[in-house]
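Student: Structure file structure01.csv (CSV, C-alpha atoms) right here:
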chain,number,residue,atom,x,y,z
A,1,MET,CA,19.0,146.6,-5.8
A,2,ALA,CA,19.1,145.1,-9.3
A,3,LYS,CA,16.4,142.5,-10.1
A,4,LYS,CA,17.8,138.9,-10.3
A,5,SER,CA,17.8,137.2,-13.7
A,6,ILE,CA,15.5,134.3,-13.9
A,7,PHE,CA,16.3,131.2,-16.0
A,8,ASN,CA,15.3,127.7,-16.9
A,9,GLY,CA,17.7,125.3,-15.3
A,10,PHE,CA,18.4,121.6,-15.8
A,11,LEU,CA,20.5,118.9,-14.1
A,12,CYS,CA,22.3,116.4,-16.3
A,13,GLY,CA,25.1,113.9,-16.0
A,14,ASN,CA,28.5,115.4,-15.6
A,15,GLY,CA,30.2,115.7,-19.0
A,16,TRP,CA,26.9,116.0,-20.9
A,17,GLU,CA,26.4,119.7,-20.5
A,18,ASP,CA,27.4,120.5,-24.1
A,19,ALA,CA,25.1,117.8,-25.5
A,20,LEU,CA,22.2,119.3,-23.5
A,21,CYS,CA,23.0,122.8,-24.5
A,22,GLN,CA,23.0,121.7,-28.2
A,23,GLU,CA,19.7,119.9,-27.7
A,24,LEU,CA,18.1,122.9,-26.1
A,25,ALA,CA,19.5,125.2,-28.8
A,26,THR,CA,17.8,123.0,-31.4
A,27,ILE,CA,14.5,123.1,-29.7
A,28,GLU,CA,14.7,126.7,-28.6
A,29,PRO,CA,16.9,128.5,-31.1
A,30,ALA,CA,16.0,131.9,-29.7
A,31,ASN,CA,17.4,131.1,-26.3
A,32,LYS,CA,21.0,130.7,-25.2
A,33,TYR,CA,22.0,128.0,-22.7
A,34,TYR,CA,25.3,127.6,-20.9
A,35,SER,CA,26.8,125.5,-18.1
A,36,PRO,CA,27.9,127.5,-15.0
A,37,ALA,CA,29.0,124.3,-13.3
A,38,PRO,CA,29.4,120.5,-14.1
A,39,GLY,CA,26.0,118.8,-14.2
A,40,LEU,CA,24.1,122.1,-14.5
A,41,VAL,CA,22.8,124.0,-17.5
A,42,VAL,CA,20.9,127.2,-17.4
A,43,GLY,CA,19.6,129.8,-19.8
A,44,GLY,CA,16.5,130.8,-21.7
A,45,THR,CA,14.0,132.8,-19.7
A,46,SER,CA,11.6,132.2,-16.9
A,47,SER,CA,9.0,129.6,-17.8
A,48,SER,CA,5.9,128.2,-16.2
A,49,ASN,CA,5.6,125.3,-18.6
A,50,LEU,CA,7.8,122.7,-20.3
A,51,LEU,CA,6.6,121.7,-23.7
A,52,PHE,CA,9.4,119.2,-24.4
A,53,GLU,CA,11.4,116.6,-22.6
A,54,PRO,CA,15.2,117.1,-23.1
A,55,VAL,CA,16.9,113.8,-23.6
A,56,PHE,CA,20.0,114.8,-21.7
A,57,ALA,CA,18.2,116.6,-18.8
A,58,ARG,CA,17.3,114.6,-15.8
A,59,GLN,CA,15.7,117.2,-13.6
A,60,TRP,CA,14.1,120.6,-14.4
A,61,LEU,CA,14.7,123.7,-12.4
A,62,PRO,CA,12.1,126.2,-13.6
A,63,ASP,CA,12.3,129.9,-12.7
A,64,CYS,CA,15.8,129.5,-11.1
A,65,VAL,CA,18.0,132.3,-9.8
A,66,LYS,CA,21.6,132.4,-8.6
A,67,VAL,CA,22.4,133.7,-5.2
A,68,GLN,CA,25.8,134.1,-3.4
A,69,GLY,CA,27.0,134.4,0.1
A,70,THR,CA,30.4,134.1,1.9
A,71,SER,CA,29.1,131.8,4.6
A,72,ILE,CA,26.3,129.3,5.3
A,73,ALA,CA,24.5,132.0,7.3
A,74,ASP,CA,24.7,134.3,4.3
A,75,LEU,CA,23.4,131.6,2.0
A,76,VAL,CA,20.5,130.8,4.3
A,77,GLN,CA,19.5,134.5,4.4
A,78,ALA,CA,19.7,134.7,0.6
A,79,LEU,CA,17.7,131.5,0.2
A,80,GLY,CA,15.0,132.9,2.6
A,81,LYS,CA,14.7,136.1,0.6
A,82,VAL,CA,14.0,134.0,-2.5
A,83,VAL,CA,11.5,131.5,-1.0
A,84,ASP,CA,9.6,133.7,1.5
A,85,PRO,CA,7.5,135.5,-1.0
A,86,TYR,CA,6.3,132.2,-2.5
A,87,LEU,CA,5.5,130.8,0.9
A,88,ASP,CA,3.6,134.0,1.9
A,89,GLN,CA,1.5,134.0,-1.3
A,90,SER,CA,0.6,130.3,-1.4
A,91,PRO,CA,-1.3,128.2,1.1
A,92,LEU,CA,0.0,125.0,-0.6
A,93,PRO,CA,2.1,122.4,1.1
A,94,TRP,CA,5.7,122.7,0.1
A,95,THR,CA,8.7,120.4,-0.1
A,96,PHE,CA,12.5,121.1,-0.2
A,97,LYS,CA,15.6,119.5,-1.7
A,98,CYS,CA,19.2,120.6,-1.5
A,99,CYS,CA,22.0,118.9,-3.4
A,100,THR,CA,25.0,119.3,-5.7
A,101,PRO,CA,24.5,119.2,-9.5
A,102,ASP,CA,26.1,115.7,-9.7
A,103,LEU,CA,22.9,114.0,-8.4
A,104,TYR,CA,22.6,112.2,-11.7
A,105,THR,CA,26.2,111.2,-12.1
A,106,GLU,CA,27.3,107.8,-11.0
A,107,ASP,CA,30.6,107.7,-9.0
A,108,SER,CA,31.1,111.4,-9.3
A,109,THR,CA,34.0,113.1,-7.5
A,110,GLU,CA,33.3,116.6,-8.9
A,111,TYR,CA,31.9,118.1,-5.8
A,112,GLU,CA,33.8,116.3,-3.1
A,113,SER,CA,35.0,119.6,-1.7
A,114,LEU,CA,31.3,120.4,-0.8
A,115,SER,CA,30.8,117.1,1.0
A,116,GLY,CA,28.3,117.6,3.8
A,117,ARG,CA,27.7,121.3,3.0
A,118,PRO,CA,24.3,120.8,1.3
A,119,ALA,CA,23.1,118.9,4.4
A,120,LEU,CA,24.4,121.7,6.6
A,121,LEU,CA,22.5,124.3,4.5
A,122,HIS,CA,19.4,122.2,4.8
A,123,GLU,CA,19.8,122.0,8.6
A,124,LYS,CA,20.4,125.7,9.0
A,125,PHE,CA,17.5,126.7,6.7
A,126,PHE,CA,15.1,124.7,8.7
A,127,GLU,CA,16.4,126.1,12.0
A,128,ARG,CA,15.6,129.5,10.5
A,129,MET,CA,12.2,128.4,9.4
A,130,GLY,CA,11.5,127.1,12.9
A,131,THR,CA,12.5,130.4,14.4
A,132,TYR,CA,10.9,132.9,12.0
A,133,ARG,CA,8.4,131.0,9.8
A,134,ARG,CA,6.7,128.5,12.0
A,135,ARG,CA,3.3,128.9,10.3
A,136,ALA,CA,4.8,128.1,6.9
A,137,LEU,CA,6.8,125.2,8.4
A,138,GLU,CA,3.5,123.6,9.4
A,139,ARG,CA,2.8,123.0,5.7
A,140,TYR,CA,6.1,121.3,5.0
A,141,GLN,CA,6.1,117.8,3.7
A,142,GLU,CA,9.1,115.5,3.2
A,143,TRP,CA,10.4,115.2,-0.4
A,144,ASP,CA,9.6,111.5,-0.7
A,145,GLU,CA,6.2,111.8,1.0
A,146,ILE,CA,4.5,114.3,-1.4
A,147,ASN,CA,1.3,113.0,-2.9
A,148,GLU,CA,1.8,113.0,-6.7
A,149,LYS,CA,-1.8,114.0,-7.3
A,150,ARG,CA,-1.9,117.0,-5.0
A,151,PRO,CA,-0.5,120.4,-6.0
A,152,CYS,CA,2.5,121.7,-4.0
A,153,LEU,CA,5.4,124.1,-4.1
A,154,VAL,CA,8.7,122.5,-5.0
A,155,ILE,CA,11.8,124.2,-3.7
A,156,GLN,CA,15.1,123.0,-5.2
A,157,VAL,CA,18.4,124.3,-4.1
A,158,ILE,CA,21.5,123.4,-6.1
A,159,MET,CA,24.9,124.1,-4.5
A,160,VAL,CA,27.6,124.6,-7.0
A,161,ALA,CA,30.3,126.1,-4.8
A,162,THR,CA,30.8,127.0,-1.1
A,163,ASP,CA,29.5,130.5,-1.9
A,164,ARG,CA,26.9,129.9,-4.7
A,165,LEU,CA,23.4,128.4,-5.0
A,166,TRP,CA,20.9,128.1,-7.8
A,167,ILE,CA,17.4,128.2,-6.4
A,168,SER,CA,14.1,127.1,-8.1
A,169,VAL,CA,10.7,127.6,-6.6
A,170,THR,CA,7.6,126.6,-8.5
A,171,GLN,CA,4.3,124.9,-8.3
A,172,ARG,CA,4.2,121.3,-9.4
A,173,PHE,CA,2.0,120.3,-12.2
A,174,ASN,CA,0.8,116.9,-13.5
A,175,THR,CA,0.8,115.4,-16.9
A,176,GLU,CA,-0.8,112.2,-18.0
A,177,ARG,CA,2.4,110.3,-17.0
A,178,GLY,CA,2.2,111.8,-13.5
A,179,TRP,CA,5.4,113.8,-13.8
A,180,LEU,CA,6.1,116.5,-11.3
A,181,VAL,CA,7.7,119.8,-12.0
A,182,PRO,CA,11.2,118.4,-11.6
A,183,PHE,CA,10.3,115.8,-14.2
A,184,LEU,CA,11.4,112.2,-13.4
A,185,TRP,CA,11.5,113.2,-9.8
A,186,HIS,CA,9.6,110.1,-8.7
A,187,HIS,CA,12.4,108.0,-10.0
A,188,SER,CA,15.4,109.1,-7.9
A,189,PRO,CA,18.8,108.3,-9.3
A,190,GLY,CA,20.5,105.0,-8.5
A,191,GLN,CA,17.5,103.5,-6.8
A,192,VAL,CA,17.5,100.2,-8.7
A,193,VAL,CA,17.7,97.5,-6.1
A,194,HIS,CA,21.0,95.7,-6.0
A,195,ASP,CA,20.9,92.1,-7.3
A,196,PRO,CA,23.9,89.9,-6.4
A,197,LEU,CA,23.0,87.6,-9.2
A,198,ALA,CA,23.0,90.3,-11.9
A,199,PRO,CA,25.5,89.1,-14.5
A,200,CYS,CA,26.8,92.5,-15.3
A,201,ARG,CA,26.4,96.3,-14.7
A,202,SER,CA,24.1,96.6,-17.8
A,203,TYR,CA,21.4,94.9,-15.8
A,204,TYR,CA,20.8,98.1,-13.9
A,205,LYS,CA,20.3,100.1,-17.1
A,206,LEU,CA,17.4,98.0,-18.2
A,207,GLU,CA,15.8,98.0,-14.7
A,208,GLU,CA,16.1,101.8,-14.7
A,209,ALA,CA,14.6,102.0,-18.2
A,210,TRP,CA,11.6,100.1,-17.0
A,211,GLN,CA,11.3,102.4,-14.0
A,212,GLN,CA,11.2,105.4,-16.3
A,213,ALA,CA,8.5,103.9,-18.5
A,214,SER,CA,6.5,102.4,-15.6
A,215,VAL,CA,6.3,99.2,-17.6
A,216,HIS,CA,8.2,95.9,-17.7
A,217,PRO,CA,7.8,92.4,-19.1
A,218,ARG,CA,5.1,90.2,-17.5
A,219,LYS,CA,4.9,86.5,-16.8
A,220,GLY,CA,4.3,84.8,-20.1
A,221,ASP,CA,5.8,87.5,-22.3
A,222,THR,CA,8.3,86.6,-25.0
A,223,CYS,CA,11.4,88.7,-25.3
A,224,VAL,CA,14.4,88.7,-27.7
A,225,ASP,CA,17.7,90.0,-26.3
A,226,ILE,CA,20.1,90.9,-29.1
A,227,GLY,CA,23.7,90.8,-28.0
A,228,ALA,CA,22.7,89.2,-24.8
A,229,ALA,CA,26.0,88.0,-23.3
A,230,PRO,CA,26.8,87.8,-20.4
A,231,GLY,CA,23.0,88.0,-19.8
A,232,GLY,CA,22.2,91.1,-17.7
A,233,TRP,CA,19.2,92.1,-19.7
A,234,THR,CA,18.1,88.5,-20.2
A,235,TRP,CA,18.3,88.0,-16.4
A,236,ALA,CA,16.1,91.1,-15.7
A,237,ALA,CA,13.3,89.6,-17.9
A,238,LEU,CA,13.7,86.1,-16.6
A,239,LYS,CA,13.2,87.3,-13.1
A,240,ARG,CA,9.7,88.5,-14.1
A,241,GLY,CA,8.6,85.2,-15.5
A,242,ALA,CA,9.2,86.2,-19.2
A,243,LYS,CA,10.6,83.8,-21.8
A,244,VAL,CA,13.8,85.1,-23.4
A,245,ILE,CA,15.5,84.2,-26.6
A,246,ALA,CA,19.1,85.4,-25.9
A,247,VAL,CA,20.9,86.0,-29.2
A,248,ASP,CA,24.7,86.1,-28.9
A,249,ALA,CA,27.7,84.0,-30.0
A,250,ALA,CA,29.3,84.5,-26.6
A,251,ASN,CA,28.6,82.6,-23.5
A,252,LEU,CA,25.9,83.6,-20.9
A,253,LYS,CA,26.4,83.3,-17.2
A,254,LYS,CA,25.6,79.7,-16.1
A,255,HIS,CA,22.5,80.6,-14.0
A,256,VAL,CA,21.1,82.6,-16.9
A,257,GLU,CA,22.0,79.9,-19.5
A,258,ASN,CA,20.5,77.2,-17.4
A,259,HIS,CA,17.3,79.0,-16.6
A,260,PRO,CA,14.2,77.1,-17.9
A,261,LEU,CA,12.8,80.2,-19.6
A,262,CYS,CA,16.0,81.0,-21.4
A,263,GLU,CA,16.7,79.9,-25.0
A,264,HIS,CA,20.3,80.8,-26.0
A,265,THR,CA,20.8,81.0,-29.8
A,266,LEU,CA,24.2,81.6,-31.4
A,267,ASP,CA,22.7,83.4,-34.4
A,268,ASN,CA,24.1,86.7,-35.7
A,269,GLY,CA,22.3,89.3,-33.5
A,270,TYR,CA,22.3,92.0,-36.1
A,271,ALA,CA,20.6,89.7,-38.7
A,272,PHE,CA,18.3,87.8,-36.3
A,273,MET,CA,14.6,88.1,-36.8
A,274,PRO,CA,11.9,86.1,-34.9
A,275,SER,CA,9.4,84.0,-36.8
A,276,LYS,CA,6.5,85.8,-35.2
A,277,THR,CA,5.9,89.0,-33.3
A,278,VAL,CA,7.4,89.0,-29.8
A,279,ASP,CA,6.4,91.2,-26.9
A,280,TRP,CA,9.8,92.8,-26.3
A,281,LEU,CA,13.0,93.6,-28.2
A,282,PHE,CA,16.1,94.3,-26.1
A,283,CYS,CA,19.4,95.5,-27.7
A,284,ASP,CA,22.5,96.7,-25.9
A,285,MET,CA,25.1,95.9,-28.6
A,286,ILE,CA,28.3,97.9,-28.9
A,287,VAL,CA,28.0,98.9,-32.5
A,288,LYS,CA,27.8,102.2,-34.4
A,289,PRO,CA,24.8,104.3,-33.5
A,290,MET,CA,23.2,104.3,-37.0
A,291,ALA,CA,23.7,100.5,-37.1
A,292,THR,CA,21.6,100.2,-34.0
A,293,ILE,CA,18.9,102.6,-35.3
A,294,GLY,CA,19.0,100.6,-38.6
A,295,LEU,CA,18.4,97.3,-36.6
A,296,LEU,CA,15.4,98.9,-34.8
A,297,ASP,CA,14.1,100.2,-38.1
A,298,ARG,CA,14.0,96.7,-39.6
A,299,TRP,CA,12.3,95.2,-36.6
A,300,LEU,CA,9.6,98.0,-36.7
A,301,GLU,CA,9.2,97.6,-40.5
A,302,LYS,CA,8.4,93.9,-40.0
A,303,LYS,CA,6.3,94.6,-36.9
A,304,ALA,CA,8.5,92.0,-35.1
A,305,CYS,CA,8.0,93.5,-31.6
A,306,ARG,CA,5.3,95.2,-29.6
A,307,LYS,CA,7.7,97.0,-27.2
A,308,PHE,CA,11.4,97.6,-27.1
A,309,VAL,CA,14.3,98.9,-25.0
A,310,VAL,CA,17.4,99.8,-27.2
A,311,ASN,CA,20.6,101.4,-26.2
A,312,VAL,CA,22.3,103.6,-28.8
A,313,LYS,CA,26.0,104.1,-28.3
A,314,PHE,CA,27.7,107.3,-29.4
A,315,ARG,CA,31.2,106.3,-30.1
A,316,GLY,CA,32.2,109.9,-31.0
A,317,LYS,CA,29.2,110.7,-33.2
A,318,GLN,CA,27.4,114.0,-32.5
A,319,PRO,CA,24.3,113.5,-30.3
A,320,ALA,CA,22.3,116.0,-32.4
A,321,SER,CA,22.5,113.9,-35.5
A,322,ILE,CA,21.5,110.7,-33.6
A,323,LEU,CA,18.5,112.5,-32.0
A,324,ALA,CA,17.4,113.7,-35.5
A,325,ALA,CA,17.6,110.1,-36.8
A,326,ILE,CA,15.5,108.8,-33.8
A,327,ALA,CA,12.9,111.5,-34.5
A,328,GLU,CA,12.7,110.4,-38.1
A,329,LEU,CA,12.3,106.8,-37.0
A,330,GLN,CA,9.4,107.7,-34.7
A,331,ILE,CA,7.6,109.6,-37.5
A,332,LYS,CA,8.3,106.8,-40.1
A,333,HIS,CA,6.8,104.1,-37.9
A,334,GLN,CA,4.4,106.2,-36.0
A,335,ILE,CA,5.7,104.8,-32.7
A,336,PRO,CA,2.8,105.4,-30.3
A,337,GLU,CA,5.0,106.0,-27.3
A,338,LEU,CA,8.7,106.7,-27.3
A,339,ILE,CA,10.9,107.7,-24.3
A,340,VAL,CA,14.4,108.8,-25.1
A,341,ARG,CA,16.7,109.3,-22.1
A,342,HIS,CA,20.3,109.5,-21.0
A,343,LEU,CA,19.8,107.4,-17.9
A,344,TYR,CA,21.7,107.5,-14.6
A,345,TYR,CA,23.3,104.1,-15.4
A,346,ASP,CA,24.0,105.1,-19.1
A,347,ARG,CA,27.5,106.1,-20.1
A,348,ASN,CA,28.3,107.0,-23.6
A,349,GLU,CA,24.8,106.1,-24.8
A,350,ILE,CA,21.1,106.9,-24.7
A,351,THR,CA,18.2,104.6,-24.1
A,352,LEU,CA,15.1,104.2,-26.3
A,353,ILE,CA,12.0,102.8,-24.7
A,354,GLY,CA,9.0,102.5,-27.0
A,355,GLY,CA,6.0,100.7,-28.5
A,356,GLN,CA,2.7,100.0,-26.9
A,357,LEU,CA,4.0,100.9,-23.4
A,358,ARG,CA,0.7,101.2,-21.5
A,359,GLN,CA,-0.4,98.0,-19.7
Once you've parsed the file, please lay out its structure as structure tokens.

Tutor:
Amino acid sequence: MAKKSIFNGFLCGNGWEDALCQELATIEPANKYYSPAPGLVVGGTSSSNLLFEPVFARQWLPDCVKVQGTSIADLVQALGKVVDPYLDQSPLPWTFKCCTPDLYTEDSTEYESLSGRPALLHEKFFERMGTYRRRALERYQEWDEINEKRPCLVIQVIMVATDRLWISVTQRFNTERGWLVPFLWHHSPGQVVHDPLAPCRSYYKLEEAWQQASVHPRKGDTCVDIGAAPGGWTWAALKRGAKVIAVDAANLKKHVENHPLCEHTLDNGYAFMPSKTVDWLFCDMIVKPMATIGLLDRWLEKKACRKFVVNVKFRGKQPASILAAIAELQIKHQIPELIVRHLYYDRNEITLIGGQLRQ
């Protein structure tokens, strides 16, 4: 029987496969990546390490292989053939997740035809483990209960069709940020707590950005929100006890406008500059991408903020050129920490989180 090809795999938002392939091709020009299904990109070669963090990738599937089967029973058998050798060779605890590739796509309908099928595969796989692999099953731990500081085997199963799976089995490793092998795993998609007072959907983008960076404004911080209306980002900071200078000619929602820590100024957001250094800069303006990068450049030049969250809209411009401009900005200003992500709540944009992030 022919040996299965082993690849690096990545999950991304549906519609961002080409952007991710281009990004990976820039970083690894010797390797070819392609998208076998919406939300999934595979290519390169087997890898035990990840030396970069792709902006458009949300989850890593190291050492992944494709298997096929005409029924759930066939797929369970094929899955067992892949994972059994790992479970036999390692005494580590292990965890398991099965999903479709649209895990990081809000309101996706791409895989509606598979509704319930990943859960069925999960059920039948564990029935099989209980029958044939009881000793290994004793080491199983739930996905959300794994201790981030302990090594474990991570089994990820991505169902792309009724007869096809992509399977990744690898040992988790830690970095100074505490990432696991499927990086960003500890921030599951769409887990920002609903706030009925949130003025708009963009509120959730900022909350997710703070989750990714494990940092947020604290009581007594001063923030400037450029293009603040109707007040989603301002509201997120006000809730944490920060003072916010909301810069926008448009109106804020009344409960934001009337908050005692909110100062609404009608100045031109693009030209606004605080009289002294503030703790945070927020910017979610709908302007051309290079205009947003230029705004951040000026703020950093004047050392006007210690930390920032800035959304860069694409508006048709190629992501590769924007990423190159962001990289130049980081080098120019020697930004100590910079996280660049296409977030779950992002649409045609990416989010920059940077500055002195550690608190």

Student: Skipping near chain neighbours, those fewer than 2 positions away, what residues fall within 8 Å of segment 276-290 of chain A using all atoms listed in the file, listed as a list of chain:residue names?

Tutor: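 My reading of the contact set: A:Pro217, A:Asp221, A:Thr222, A:Cys223, A:Val224, A:Asp225, A:Ile226, A:Gly227, A:Ala228, A:Trp233, A:Pro274, A:Thr292, A:Ile293, A:Gly294, A:Lys303, A:Ala304, A:Cys305, A:Arg306, A:Lys307, A:Phe308, A:Val309, A:Val310, A:Asn311, A:Val312, A:Lys313, A:Phe314, A:Arg315, A:Lys317, A:Ile322.
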
Student: Go through A:Arg139, A:Lys205, A:His255, A:Arg164 one by one, measure the shortest atom-to-atom distance of each to Gln68 of chain A using all atoms listed in the file, and give the residue with the smallest value.

Tutor: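 Nearest candidate to Gln68 of chain A out of A:Arg139, A:Lys205, A:His255, A:Arg164: A:Arg164.
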
Student: Tell me which of A:Asp74, A:Glu138, A:Asp63, A:Glu17 sits closest to Thr95 of chain A, counting only C-alpha atoms.

Tutor: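 Smallest separation from Thr95 of chain A among the options: A:Glu138.
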
Student: Using all atoms listed in the file, which residues sit within 9 Å of Pro54 of chain A once same-chain residues fewer than 4 positions away are excluded, as a short mmCIF file (atom, residue, chain, number, x, y, z; two decimals) with C-alpha atoms, keeping the file's coordinate frame?

Tutor:
data_model
loop_
_atom_site.label_atom_id
_atom_site.label_comp_id
_atom_site.auth_asym_id
_atom_site.auth_seq_id
_atom_site.Cartn_x
_atom_site.Cartn_y
_atom_site.Cartn_z
CA LEU A 20 22.20 119.30 -23.50
CA GLU A 23 19.70 119.90 -27.70
CA LEU A 24 18.10 122.90 -26.10
CA ILE A 27 14.50 123.10 -29.70
CA ARG A 58 17.30 114.60 -15.80
CA VAL A 340 14.40 108.80 -25.10
CA ARG A 341 16.70 109.30 -22.10
#

Student: I'd like to know which of A:Ala327, A:Leu137, A:Leu357, A:Leu296 is closest to Val55 of chain A, using all atoms listed in the file.

Tutor: A:Ala327

Student: Compare A:Gly69, A:Pro196, A:Gly220, A:Gly39 by their minimum atom-to-atom distance to Leu103 of chain A, counting all atoms listed in the file, and give me the closest one.

Tutor: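 For Leu103 of chain A, the nearest of the given residues is A:Gly39.
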
Student: So which residues touch Lys66 of chain A within 10 Å, counting only C-alpha atoms, skipping near sequence neighbours fewer than 3 positions away, as a PDB file with C-alpha atoms, keeping the file's coordinate frame?

Tutor:
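Writing the result to around15.pdb gives the following:
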ATOM      1  CA  LYS A   4      17.800 138.900 -10.300  1.00  0.00           C
ATOM      2  CA  SER A   5      17.800 137.200 -13.700  1.00  0.00           C
ATOM      3  CA  ILE A   6      15.500 134.300 -13.900  1.00  0.00           C
ATOM      4  CA  PHE A   7      16.300 131.200 -16.000  1.00  0.00           C
ATOM      5  CA  ALA A  78      19.700 134.700   0.600  1.00  0.00           C
ATOM      6  CA  LEU A  79      17.700 131.500   0.200  1.00  0.00           C
ATOM      7  CA  VAL A  82      14.000 134.000  -2.500  1.00  0.00           C
ATOM      8  CA  VAL A 157      18.400 124.300  -4.100  1.00  0.00           C
ATOM      9  CA  ILE A 158      21.500 123.400  -6.100  1.00  0.00           C
ATOM     10  CA  MET A 159      24.900 124.100  -4.500  1.00  0.00           C
ATOM     11  CA  VAL A 160      27.600 124.600  -7.000  1.00  0.00           C
ATOM     12  CA  ARG A 164      26.900 129.900  -4.700  1.00  0.00           C
ATOM     13  CA  LEU A 165      23.400 128.400  -5.000  1.00  0.00           C
ATOM     14  CA  TRP A 166      20.900 128.100  -7.800  1.00  0.00           C
ATOM     15  CA  ILE A 167      17.400 128.200  -6.400  1.00  0.00           C
ATOM     16  CA  SER A 168      14.100 127.100  -8.100  1.00  0.00           C
TER      17      SER A 168
END

Student: Taking all atoms listed in the file into account, name the residue in A:Val154, A:Val65, A:Ala249, A:Leu238 that is nearest to Phe272 of chain A.

Tutor: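 Answer, going by the shortest atom-to-atom distance: A:Ala249.
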
Student: Excluding same-chain residues fewer than 2 positions from Gln334 of chain A, what lies within 12 Å of it counting all atoms listed in the file, as a list in words?

Tutor: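 Result of the neighbour search: Asp297, Leu300, Glu301, Lys303, Ile326, Ala327, Glu328, Leu329, Gln330, Ile331, Lys332, Pro336, Glu337, Leu338, Gly354, Gly355 and Gln356 of chain A.
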
Student: Taking only C-alpha atoms into account, name the residue in A:Ala213, A:Ala25, A:Ala324, A:Val67 that is nearest to Lys81 of chain A.

Tutor: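 Between A:Ala213, A:Ala25, A:Ala324, A:Val67, the residue approaching Lys81 of chain A most closely is A:Val67.
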
Student: In Å, how far is it from atom CA of Arg347 of chain A to atom CA of Thr105 of chain A?

Tutor: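 The value is 9.6 Å.
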
Student: What's around Tyr33 of chain A at 7 Å? Count all atoms listed in the file, leave out sequence neighbours fewer than 3 positions away in its own chain, and write the answer as a list of chain:residue names.

Tutor: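 In the requested format, the answer is A:Cys21, A:Val41, A:Val42, A:Gly43, A:Gly44.
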
Student: What does the distance from atom CA of Leu75 of chain A to atom CA of Phe125 of chain A come to in Å, to one decimal?

Tutor: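 Calculated distance between atom CA of Leu75 of chain A and atom CA of Phe125 of chain A is 9.0 Å.
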
Student: Measure the distance from atom CA of Gln171 of chain A to atom CA of Ile72 of chain A in Å and round it to one decimal.

Tutor: 26.2 Å
